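Peer 1: Below is the structure I would like to discuss, written out as C-alpha cells.
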There are 2 protein chains.
Amino acid sequence: MTNSCLIAKLGRFTELSEADKRLLAILEEDEREYRKDQIVRRAGRPVEYLFVVKSGWLTSFSMLEDGRRQLLRIFYPGDIVDLSEIALHQAQHDIKCVTAAVLCPFPKAGLEPLFSQSPRLTALLFSMTVKENAALLDRIRAIGRLSAYERLCYLLLEISSRLRLTVNGIEDGFRLPLTQSDIADLLGLTNVYVSKTMSRIERDRLIQRQGNRVQILDLKRMRDVCEYSENATIDTSWFPLGD
Amino acid sequence: MTNSCLIAKLGRFTELSEADKRLLAILEEDEREYRKDQIVRRAGRPVEYLFVVKSGWLTSFSMLEDGRRQLLRIFYPGDIVDLSEIALHQAQHDIKCVTAAVLCPFPKAGLEPLFSQSPRLTALLFSMTVKENAALLDRIRAIGRLSAYERLCYLLLEISSRLRLTVNGIEDGFRLPLTQSDIADLLGLTNVYVSKTMSRIERDRLIQRQGNRVQILDLKRMRDVCEYSENATIDTSWFPLGD
DNA sequence: CGAACAGTTGAGGCGCGTCAAACTTGGTGG
DNA sequence: CCACCAAGTTTGACGCGCCTCAACTGTTCG
C-alpha cells in the first residue's frame with residue numbers, strides 16, 4: 001500500500017482518508033508482468049478485468065481492415081486500464097504494451113465498494129475520467145487543425161505534462177519509448193513525416209534528442225507554437241465530504 | 001418532471017427509481033431560452049453553472065489565434081452541458097447554440113446530492129461520461145486515419161445514432177442544422193471539400209438530401225465504408241443496487 | 001427587391017503521403 | 001569485446017488528397 005501507484009497519482013489532486021487509501025490498495029493486490037509488445041486485451045472481448053498500471057507504458061489503438069492504425073491513448077503508471085471501457089459490454093480497442101510493464105488486474109466488480117462506500121473517491125475517479133476527456137478533446141483539436149509541426153510540439157508537451165504527475169524532475173529530459181511510427185499513429189501522420197518534422201523542431205532549438213531521450217529546451221515557445229496550455233489541477237470544491 | 005429530457009435519456013439505459021427521478025428533476029427546474037448562434041459560455045470563464053439541454057443543438061469548439069476552428073462536441077436534448085468541465089476550474093472551450101435552444105441551468109453543486117445520495121445515478125452519470133469518451137475516441141480515429149469521404153459517412157452515422165436516443169423514427173431522414181463549415185470544423189476539413197464530398201456520397205446513393213434534411217439510404221454500406229459500429233447499450237451489471 | 005448567408009463548382013497549389021534506399025542503434029550470441 | 005542482425009530512423013524523389021481562392025448560384029428574410 002505504501003508504494004501504490006494509484007494512491008500516488010490520485011493523492012496529487014486531493015487529500016485521501018485512510019479508508020479511501022485502503023479501498024484503493026485492494027485494487028493493486030494482484031500483480032502480473034507483461035513483455036514489451038504483449039497484447040493485454042483484444043477488441044471485441046468482454047471486459048472482465050481492469051488493470052492498474054504499476055510500471056511501463058501501454059497504448060490502446062484501433063486497426064482498420066487495410067492496415068491503417070490509430071493510437072488512441074497512452075497509459076502511464078498510476079492509470080487504470082481501461083476505466084473507459086467499464087461502461088461497455090465489449091472492449092472497443094486493442095491494448096498492448098509499449099514497454100515491458102507490470103499490471104495489477106482486478107475484476108470490474110472491484111470498483112463497486114468504491115462507488116458505494118466513498119462518494120469522495122467516486123467523485124475523484126469521475127474527475128479523472130473527465131480530465132482524460134479534456135485531453136482527448138485537445139488531441140482532436142491537434143489532429144483536426146494543427147500542422148504536423150504543431151502537432152508534434154503539442155504531443156511532446158502533453159506527454160511531459162502527464163509524466164510530471166508521477167515522475168519527478170523531467171526538466172533534464174525524459175525517455176520516450178514510442179517509435180516514430182507510434183507517434184505518427186497517435187497524430188494522424190506517417191513515420192517518415194514525423195522523422196522529418198522532428199528534425200526541424202530540433203533544428204529550431206525547441207527540443208534536443210539523443211537516443212530516445214527528449215529534452216524540451218524552450219517550453220514557452222513550444223506552447224506558443226501549438227497554443228497548448230496544460231491545466232494540471234482539478235476543481236474539488238464540489239466533492240462530497242470525506243467520511 | 002414528466003417531460004424531463006434527462007430522465008427520458010437516462011431511462012433508456014437503466015431502470016430509475018422514483019427517488020432517482022426526483023433527484024434528476026431538480027436539475028431541470030429552471031429554464032432559459034437561447035437564440036441561434038448565442039454564446040452560452042466563453043473559454044476561460046469559471047464553470048459555475050451546468051445546463052441540461054431541453055431542446056436545440058449546441059456545440060463546443062476551440063479557436064486558434066489565426067482563426068482556425070475545431071468543433072469538439074455536439075450537445076443534443078437530454079445532454080448535460082458540459083459535464084466534462086465539472087472537474088476543471090475554468091471552461092476550456094467556447095459553447096454556442098447551433099439552433100435556438102432551451103437550457104436548464106443549475107449550479108455545479110447541484111450534482112452533489114446526486115453523488116452523495118444515489119450511487120446508482122452516480123454510476124450512470126459515470127457511464128454516460130465514459131460513453132462520451134468512447135465517442136471521442138471514434139472521432140480521433142476518424143480524423144486521424146479516415147479519408148474525407150469516410151469521415152463524412154462516419155459523422156452522419158454518429159449523428160443518426162445519437163438522435164435515435166431521444167428521437168423516434170429517423171428512418172425517413174433527419175434534420176441536420178449544421179452548416180457545411182460546421183461539419184468541416186468537426187472533421188478537420190474545409191467547407192468546400194465537404195460540399196464536394198457530400199455530393200459524391202449522394203451520387204453514390206448512400207444518402208439523399210433535400211434542404212438540410214438527410215436520409216441514409218444504405219446503412220450497411222455506410223458502415224462498411226468507415227468501419228464504424230455503434231454500440232448503444234451500456235453494461236449496468238457492475239452498478240450498485242438502487243436504494 | 002436586395003442583402004446576407006449557405007452551398008456549389010472549377011482552377012491551381014501545397015503539405016503530407018508513398019516508395020525506396022541508406023544509415024544508425026541496440027540487443028544478442030559467439 | 002566484437003560481429004551481426006533486426007528494428008528504427010533518416011533522406012530524397014515524386015505523387016495525390018485536400019486546401020485556397022474565387023466566382024457563381026440558390027435561399028431566406030427583412
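Residue numbers start at 1 in each chain; chains themselves are named A, B, ... in the order of the C-alpha cells; ligands are numbered from 1 in the order shown.
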Taking 4 positions as the minimum chain separation for residues in the same chain, which residues sit within 9 Å of DA6 in chain C when counting only C-alpha atoms (C1' of nucleotides)? Answer as a ChimeraX atom specification.
Peer 2: /B:179-180 /D:26-27
Peer 1: Take the residues from that selection and write them out as a JSON list (two decimals), in the first residue's frame, keeping N, CA, C and O atoms (P, O5', C5', C4', C3', O3' and C1' of nucleotides).
Peer 2:
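Resulting contents of out.json:
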```json
[["chain", "number", "residue", "atom", "x", "y", "z"],
["B", 179, "THR", "N", -24.10, 23.76, -40.54],
["B", 179, "THR", "CA", -23.67, 24.21, -41.87],
["B", 179, "THR", "C", -22.50, 23.33, -42.32],
["B", 179, "THR", "O", -21.91, 22.60, -41.52],
["B", 180, "GLN", "N", -22.16, 23.42, -43.58],
["B", 180, "GLN", "CA", -21.04, 22.63, -44.07],
["B", 180, "GLN", "C", -19.72, 23.12, -43.47],
["B", 180, "GLN", "O", -18.78, 22.34, -43.35],
["D", 26, "DG", "P", -29.38, 28.29, -59.44],
["D", 26, "DG", "O5'", -29.95, 29.47, -58.53],
["D", 26, "DG", "C5'", -31.05, 29.25, -57.67],
["D", 26, "DG", "C4'", -30.69, 28.34, -56.50],
["D", 26, "DG", "C3'", -31.71, 28.39, -55.39],
["D", 26, "DG", "O3'", -31.84, 27.12, -54.75],
["D", 26, "DG", "C1'", -29.64, 29.30, -54.64],
["D", 27, "DT", "P", -33.21, 26.80, -53.94],
["D", 27, "DT", "O5'", -32.75, 26.80, -52.40],
["D", 27, "DT", "C5'", -31.81, 27.76, -51.98],
["D", 27, "DT", "C4'", -32.15, 28.32, -50.62],
["D", 27, "DT", "C3'", -33.63, 28.62, -50.36],
["D", 27, "DT", "O3'", -33.82, 28.54, -48.96],
["D", 27, "DT", "C1'", -32.43, 30.63, -50.35]]
```
Peer 1: Mind checking which residues fall within 12 Å of range 4-21 of chain D, counting only C-alpha atoms (C1' of nucleotides), ignoring those fewer than 2 positions away in the same chain, and posting them as a ChimeraX atom specification?
Peer 2: /A:177-182,191-199,211-212 /B:146-149,184,188-194,196-197 /C:10-30 /D:2,23
Peer 1: So the first atom is CA of Asp204 in chain B and the second is CA of Leu217 in chain B; what is the distance between them in Å, to one decimal place?
Peer 2: 10.1 Å
Peer 1: According to DSSP computed on the backbone, where in range 45-124 of chain A is there helix (DSSP H, G or I)? Give the residues as number ranges by chain.
Peer 2: A: 83-85, 108-117, 119-124
Peer 1: Near range 39-47 of chain B, counting only C-alpha atoms (C1' of nucleotides), which residues have an atom at most 8 Å away, once you skip same-chain residues fewer than 6 positions from it, shown as a PDB file with all heavy atoms, in the first residue's frame?
Peer 2:
```pdb
ATOM      1  N   GLU B  85     -16.660  19.569 -17.945  1.00  0.00           N
ATOM      2  CA  GLU B  85     -15.892  20.699 -17.424  1.00  0.00           C
ATOM      3  C   GLU B  85     -16.000  20.769 -15.910  1.00  0.00           C
ATOM      4  O   GLU B  85     -15.354  21.589 -15.271  1.00  0.00           O
ATOM      5  CB  GLU B  85     -16.388  22.013 -18.030  1.00  0.00           C
ATOM      6  CG  GLU B  85     -16.438  22.012 -19.540  1.00  0.00           C
ATOM      7  CD  GLU B  85     -15.127  22.476 -20.167  1.00  0.00           C
ATOM      8  OE1 GLU B  85     -14.670  23.569 -19.824  1.00  0.00           O
ATOM      9  OE2 GLU B  85     -14.571  21.731 -20.989  1.00  0.00           O
ATOM     10  N   ILE B  86     -16.818  19.901 -15.358  1.00  0.00           N
ATOM     11  CA  ILE B  86     -17.094  19.999 -13.933  1.00  0.00           C
ATOM     12  C   ILE B  86     -15.832  19.853 -13.101  1.00  0.00           C
ATOM     13  O   ILE B  86     -15.713  20.421 -12.020  1.00  0.00           O
ATOM     14  CB  ILE B  86     -18.121  18.931 -13.508  1.00  0.00           C
ATOM     15  CG1 ILE B  86     -18.568  19.173 -12.071  1.00  0.00           C
ATOM     16  CG2 ILE B  86     -17.569  17.544 -13.657  1.00  0.00           C
ATOM     17  CD1 ILE B  86     -19.592  18.194 -11.590  1.00  0.00           C
ATOM     18  N   LEU B  88     -12.943  20.949 -13.787  1.00  0.00           N
ATOM     19  CA  LEU B  88     -11.954  21.977 -14.058  1.00  0.00           C
ATOM     20  C   LEU B  88     -12.363  23.316 -13.450  1.00  0.00           C
ATOM     21  O   LEU B  88     -13.548  23.600 -13.267  1.00  0.00           O
ATOM     22  CB  LEU B  88     -11.780  22.126 -15.566  1.00  0.00           C
ATOM     23  CG  LEU B  88     -11.487  20.812 -16.314  1.00  0.00           C
ATOM     24  CD1 LEU B  88     -11.550  21.019 -17.796  1.00  0.00           C
ATOM     25  CD2 LEU B  88     -10.137  20.265 -15.878  1.00  0.00           C
ATOM     26  N   HIS B  89     -11.365  24.122 -13.159  1.00  0.00           N
ATOM     27  CA  HIS B  89     -11.669  25.435 -12.604  1.00  0.00           C
ATOM     28  C   HIS B  89     -12.213  26.378 -13.656  1.00  0.00           C
ATOM     29  O   HIS B  89     -13.109  27.169 -13.413  1.00  0.00           O
ATOM     30  CB  HIS B  89     -10.410  26.036 -11.972  1.00  0.00           C
ATOM     31  CG  HIS B  89     -10.052  25.401 -10.667  1.00  0.00           C
ATOM     32  ND1 HIS B  89      -9.081  24.442 -10.544  1.00  0.00           N
ATOM     33  CD2 HIS B  89     -10.561  25.568  -9.431  1.00  0.00           C
ATOM     34  CE1 HIS B  89      -9.001  24.051  -9.281  1.00  0.00           C
ATOM     35  NE2 HIS B  89      -9.882  24.713  -8.587  1.00  0.00           N
ATOM     36  N   GLN B  90     -11.622  26.296 -14.848  1.00  0.00           N
ATOM     37  CA  GLN B  90     -12.040  27.208 -15.906  1.00  0.00           C
ATOM     38  C   GLN B  90     -12.549  26.422 -17.106  1.00  0.00           C
ATOM     39  O   GLN B  90     -12.049  25.347 -17.403  1.00  0.00           O
ATOM     40  CB  GLN B  90     -10.839  28.029 -16.384  1.00  0.00           C
ATOM     41  CG  GLN B  90     -10.253  28.923 -15.330  1.00  0.00           C
ATOM     42  CD  GLN B  90      -9.263  29.880 -15.943  1.00  0.00           C
ATOM     43  OE1 GLN B  90      -8.740  29.632 -17.029  1.00  0.00           O
ATOM     44  NE2 GLN B  90      -9.021  30.988 -15.279  1.00  0.00           N
ATOM     45  N   ALA B  91     -13.516  27.008 -17.781  1.00  0.00           N
ATOM     46  CA  ALA B  91     -14.000  26.390 -19.010  1.00  0.00           C
ATOM     47  C   ALA B  91     -12.874  26.389 -20.034  1.00  0.00           C
ATOM     48  O   ALA B  91     -12.134  27.364 -20.165  1.00  0.00           O
ATOM     49  CB  ALA B  91     -15.195  27.153 -19.542  1.00  0.00           C
ATOM     50  N   GLN B  92     -12.731  25.298 -20.749  1.00  0.00           N
ATOM     51  CA  GLN B  92     -11.659  25.198 -21.732  1.00  0.00           C
ATOM     52  C   GLN B  92     -12.112  25.650 -23.113  1.00  0.00           C
ATOM     53  O   GLN B  92     -11.314  26.018 -23.941  1.00  0.00           O
ATOM     54  CB  GLN B  92     -11.192  23.737 -21.830  1.00  0.00           C
ATOM     55  CG  GLN B  92     -10.602  23.215 -20.550  1.00  0.00           C
ATOM     56  CD  GLN B  92      -9.387  24.016 -20.142  1.00  0.00           C
ATOM     57  OE1 GLN B  92      -8.359  23.972 -20.799  1.00  0.00           O
ATOM     58  NE2 GLN B  92      -9.511  24.787 -19.072  1.00  0.00           N
ATOM     59  N   HIS B  93     -13.418  25.594 -23.340  1.00  0.00           N
ATOM     60  CA  HIS B  93     -13.899  25.819 -24.701  1.00  0.00           C
ATOM     61  C   HIS B  93     -15.109  26.739 -24.725  1.00  0.00           C
ATOM     62  O   HIS B  93     -15.832  26.853 -23.743  1.00  0.00           O
ATOM     63  CB  HIS B  93     -14.279  24.477 -25.330  1.00  0.00           C
ATOM     64  CG  HIS B  93     -13.219  23.437 -25.176  1.00  0.00           C
ATOM     65  ND1 HIS B  93     -13.405  22.286 -24.456  1.00  0.00           N
ATOM     66  CD2 HIS B  93     -11.948  23.398 -25.630  1.00  0.00           C
ATOM     67  CE1 HIS B  93     -12.293  21.565 -24.481  1.00  0.00           C
ATOM     68  NE2 HIS B  93     -11.385  22.219 -25.179  1.00  0.00           N
ATOM     69  N   ASP B  94     -15.274  27.374 -25.851  1.00  0.00           N
ATOM     70  CA  ASP B  94     -16.496  28.140 -26.070  1.00  0.00           C
ATOM     71  C   ASP B  94     -17.640  27.173 -26.348  1.00  0.00           C
ATOM     72  O   ASP B  94     -17.442  26.108 -26.914  1.00  0.00           O
ATOM     73  CB  ASP B  94     -16.315  29.069 -27.277  1.00  0.00           C
ATOM     74  CG  ASP B  94     -15.241  30.115 -27.039  1.00  0.00           C
ATOM     75  OD1 ASP B  94     -15.221  30.687 -25.934  1.00  0.00           O
ATOM     76  OD2 ASP B  94     -14.421  30.355 -27.937  1.00  0.00           O
ATOM     77  N   ILE B  95     -18.825  27.604 -25.945  1.00  0.00           N
ATOM     78  CA  ILE B  95     -20.016  26.815 -26.241  1.00  0.00           C
ATOM     79  C   ILE B  95     -21.056  27.739 -26.847  1.00  0.00           C
ATOM     80  O   ILE B  95     -21.308  28.823 -26.309  1.00  0.00           O
ATOM     81  CB  ILE B  95     -20.584  26.162 -24.965  1.00  0.00           C
ATOM     82  CG1 ILE B  95     -19.587  25.116 -24.456  1.00  0.00           C
ATOM     83  CG2 ILE B  95     -21.938  25.533 -25.230  1.00  0.00           C
ATOM     84  CD1 ILE B  95     -20.043  24.394 -23.219  1.00  0.00           C
ATOM     85  N   LYS B  96     -21.612  27.333 -27.971  1.00  0.00           N
ATOM     86  CA  LYS B  96     -22.661  28.162 -28.546  1.00  0.00           C
ATOM     87  C   LYS B  96     -23.790  27.345 -29.137  1.00  0.00           C
ATOM     88  O   LYS B  96     -23.648  26.146 -29.363  1.00  0.00           O
ATOM     89  CB  LYS B  96     -22.085  29.118 -29.585  1.00  0.00           C
ATOM     90  CG  LYS B  96     -21.852  28.534 -30.939  1.00  0.00           C
ATOM     91  CD  LYS B  96     -21.570  29.661 -31.947  1.00  0.00           C
ATOM     92  CE  LYS B  96     -21.594  29.095 -33.351  1.00  0.00           C
ATOM     93  NZ  LYS B  96     -21.181  30.086 -34.349  1.00  0.00           N
ATOM     94  N   CYS B  97     -24.882  28.003 -29.368  1.00  0.00           N
ATOM     95  CA  CYS B  97     -26.066  27.333 -29.888  1.00  0.00           C
ATOM     96  C   CYS B  97     -25.991  27.201 -31.402  1.00  0.00           C
ATOM     97  O   CYS B  97     -25.773  28.176 -32.113  1.00  0.00           O
ATOM     98  CB  CYS B  97     -27.318  28.112 -29.521  1.00  0.00           C
ATOM     99  SG  CYS B  97     -27.558  28.301 -27.755  1.00  0.00           S
ATOM    100  N   LYS B 108     -23.145  24.017 -10.296  1.00  0.00           N
ATOM    101  CA  LYS B 108     -22.281  22.842 -10.213  1.00  0.00           C
ATOM    102  C   LYS B 108     -22.563  22.004  -8.967  1.00  0.00           C
ATOM    103  O   LYS B 108     -22.597  20.786  -9.022  1.00  0.00           O
ATOM    104  CB  LYS B 108     -20.851  23.370 -10.135  1.00  0.00           C
ATOM    105  CG  LYS B 108     -19.790  22.502 -10.690  1.00  0.00           C
ATOM    106  CD  LYS B 108     -18.578  23.372 -10.990  1.00  0.00           C
ATOM    107  CE  LYS B 108     -17.293  22.610 -10.957  1.00  0.00           C
ATOM    108  NZ  LYS B 108     -16.149  23.415 -11.407  1.00  0.00           N
TER     109      LYS B 108
END
```
Peer 1: Residues of chain C were defined as contacting chain B if any atom lay at most 10 Å from it, counting only C-alpha atoms (C1' of nucleotides); please report them as a PDB file with N, CA and C atoms (P, O5', C5', C4', C3', O3' and C1' of nucleotides), in the first residue's frame.
Peer 2:
```pdb
ATOM      1  P    DA C   6     -24.058  31.110 -42.882  1.00  0.00           P
ATOM      2  O5'  DA C   6     -24.435  29.991 -43.951  1.00  0.00           O
ATOM      3  C5'  DA C   6     -25.740  29.439 -43.932  1.00  0.00           C
ATOM      4  C4'  DA C   6     -25.917  28.582 -45.161  1.00  0.00           C
ATOM      5  C3'  DA C   6     -24.829  27.521 -45.332  1.00  0.00           C
ATOM      6  O3'  DA C   6     -25.457  26.271 -45.570  1.00  0.00           O
ATOM      7  C1'  DA C   6     -25.019  28.848 -47.301  1.00  0.00           C
ATOM      8  P    DG C   7     -24.528  24.983 -45.859  1.00  0.00           P
ATOM      9  O5'  DG C   7     -24.514  24.932 -47.444  1.00  0.00           O
ATOM     10  C5'  DG C   7     -25.735  24.721 -48.140  1.00  0.00           C
ATOM     11  C4'  DG C   7     -25.457  24.680 -49.626  1.00  0.00           C
ATOM     12  C3'  DG C   7     -24.439  23.623 -50.060  1.00  0.00           C
ATOM     13  O3'  DG C   7     -25.027  22.856 -51.100  1.00  0.00           O
ATOM     14  C1'  DG C   7     -23.867  25.745 -50.944  1.00  0.00           C
ATOM     15  P    DT C   8     -24.241  21.678 -51.788  1.00  0.00           P
ATOM     16  O5'  DT C   8     -23.616  22.379 -53.075  1.00  0.00           O
ATOM     17  C5'  DT C   8     -24.487  22.933 -54.046  1.00  0.00           C
ATOM     18  C4'  DT C   8     -23.683  23.453 -55.219  1.00  0.00           C
ATOM     19  C3'  DT C   8     -22.691  22.467 -55.839  1.00  0.00           C
ATOM     20  O3'  DT C   8     -23.027  22.349 -57.212  1.00  0.00           O
ATOM     21  C1'  DT C   8     -21.675  24.571 -55.489  1.00  0.00           C
ATOM     22  P    DT C   9     -22.444  21.203 -58.116  1.00  0.00           P
ATOM     23  O5'  DT C   9     -21.231  21.911 -58.858  1.00  0.00           O
ATOM     24  C5'  DT C   9     -21.446  23.137 -59.539  1.00  0.00           C
ATOM     25  C4'  DT C   9     -20.117  23.748 -59.922  1.00  0.00           C
ATOM     26  C3'  DT C   9     -19.034  22.743 -60.353  1.00  0.00           C
ATOM     27  O3'  DT C   9     -18.679  23.052 -61.685  1.00  0.00           O
ATOM     28  C1'  DT C   9     -18.161  24.388 -58.893  1.00  0.00           C
TER      29       DT C   9
END
```
Peer 1: Among range 13-155 of chain A, which residues carry a DSSP assignment of strand (DSSP E), reported as an MDAnalysis selection string?
Peer 2: chainID A and resid 32:34 39:41 49:55 58:63 69:75 80:81 94:97 101:107
Peer 1: Restrict the distance test to only C-alpha atoms, flag each residue of chain A within 6 Å of chain B, and return the flagged residues as a list in words.
Peer 2: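 Residues of chain A within 6 Å of chain B, counting only C-alpha atoms: Gln70, Ser84, Ala87, Leu88, His89, Ala109, Ser116, Pro119, Ser127, Val130, Ile140, Arg141, Gly144, Arg145, Gly188, Ile234, Asp235 and Trp238 of chain A.
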Peer 1: Extract, using only C-alpha atoms (C1' of nucleotides), all DNA, RNA and protein residues at most 12 Å from DG2 in chain C, discarding same-chain residues fewer than 2 positions from it, and format them as a list of chain:residue names.
Peer 2: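 Answer for this query is C:DA4, D:DT28, D:DC29, D:DG30.
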Peer 1: Give me a file of those residues, with N, CA and C atoms (P, O5', C5', C4', C3', O3' and C1' of nucleotides), as a PDB file, in the first residue's frame.
Peer 2:
```pdb
ATOM      1  P    DA C   4     -25.416  43.236 -46.199  1.00  0.00           P
ATOM      2  O5'  DA C   4     -25.601  41.790 -45.548  1.00  0.00           O
ATOM      3  C5'  DA C   4     -26.834  41.465 -44.896  1.00  0.00           C
ATOM      4  C4'  DA C   4     -26.855  39.967 -44.646  1.00  0.00           C
ATOM      5  C3'  DA C   4     -25.461  39.347 -44.507  1.00  0.00           C
ATOM      6  O3'  DA C   4     -25.496  38.402 -43.446  1.00  0.00           O
ATOM      7  C1'  DA C   4     -26.638  38.239 -46.195  1.00  0.00           C
TER       8       DA C   4
ATOM      9  P    DT D  28     -35.257  28.367 -48.250  1.00  0.00           P
ATOM     10  O5'  DT D  28     -35.218  29.380 -47.020  1.00  0.00           O
ATOM     11  C5'  DT D  28     -34.011  29.500 -46.260  1.00  0.00           C
ATOM     12  C4'  DT D  28     -33.875  30.924 -45.744  1.00  0.00           C
ATOM     13  C3'  DT D  28     -35.179  31.506 -45.179  1.00  0.00           C
ATOM     14  O3'  DT D  28     -34.929  31.893 -43.840  1.00  0.00           O
ATOM     15  C1'  DT D  28     -34.083  33.051 -46.600  1.00  0.00           C
ATOM     16  P    DC D  29     -36.093  32.184 -42.769  1.00  0.00           P
ATOM     17  O5'  DC D  29     -36.078  33.764 -42.586  1.00  0.00           O
ATOM     18  C5'  DC D  29     -34.809  34.435 -42.492  1.00  0.00           C
ATOM     19  C4'  DC D  29     -35.003  35.913 -42.770  1.00  0.00           C
ATOM     20  C3'  DC D  29     -36.392  36.444 -42.394  1.00  0.00           C
ATOM     21  O3'  DC D  29     -36.243  37.690 -41.746  1.00  0.00           O
ATOM     22  C1'  DC D  29     -35.877  37.036 -44.592  1.00  0.00           C
ATOM     23  P    DG D  30     -37.338  38.222 -40.769  1.00  0.00           P
ATOM     24  O5'  DG D  30     -37.367  39.800 -41.054  1.00  0.00           O
ATOM     25  C5'  DG D  30     -36.281  40.579 -40.561  1.00  0.00           C
ATOM     26  C4'  DG D  30     -35.786  41.543 -41.612  1.00  0.00           C
ATOM     27  C3'  DG D  30     -36.561  42.867 -41.700  1.00  0.00           C
ATOM     28  O3'  DG D  30     -35.640  43.928 -41.663  1.00  0.00           O
ATOM     29  C1'  DG D  30     -36.353  41.896 -43.855  1.00  0.00           C
TER      30       DG D  30
END
```
Peer 1: In Å, rounded to a single decimal, give me how far CA of Asp82 in chain A is from CA of Glu29 in chain A.
Peer 2: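 Distance between the two atoms: 17.6 Å.
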Peer 1: So which residues touch Glu158 in chain B within 8 Å, counting only C-alpha atoms (C1' of nucleotides), skipping near sequence neighbours fewer than 4 positions away, as a ChimeraX atom specification?
Peer 2: /B:154,162,230
Peer 1: Rounded to one decimal, what separation in Å do you get between CA of Thr166 in chain A and CA of Arg205 in chain A?
Peer 2: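 Between these atoms lies a distance of 26.9 Å.
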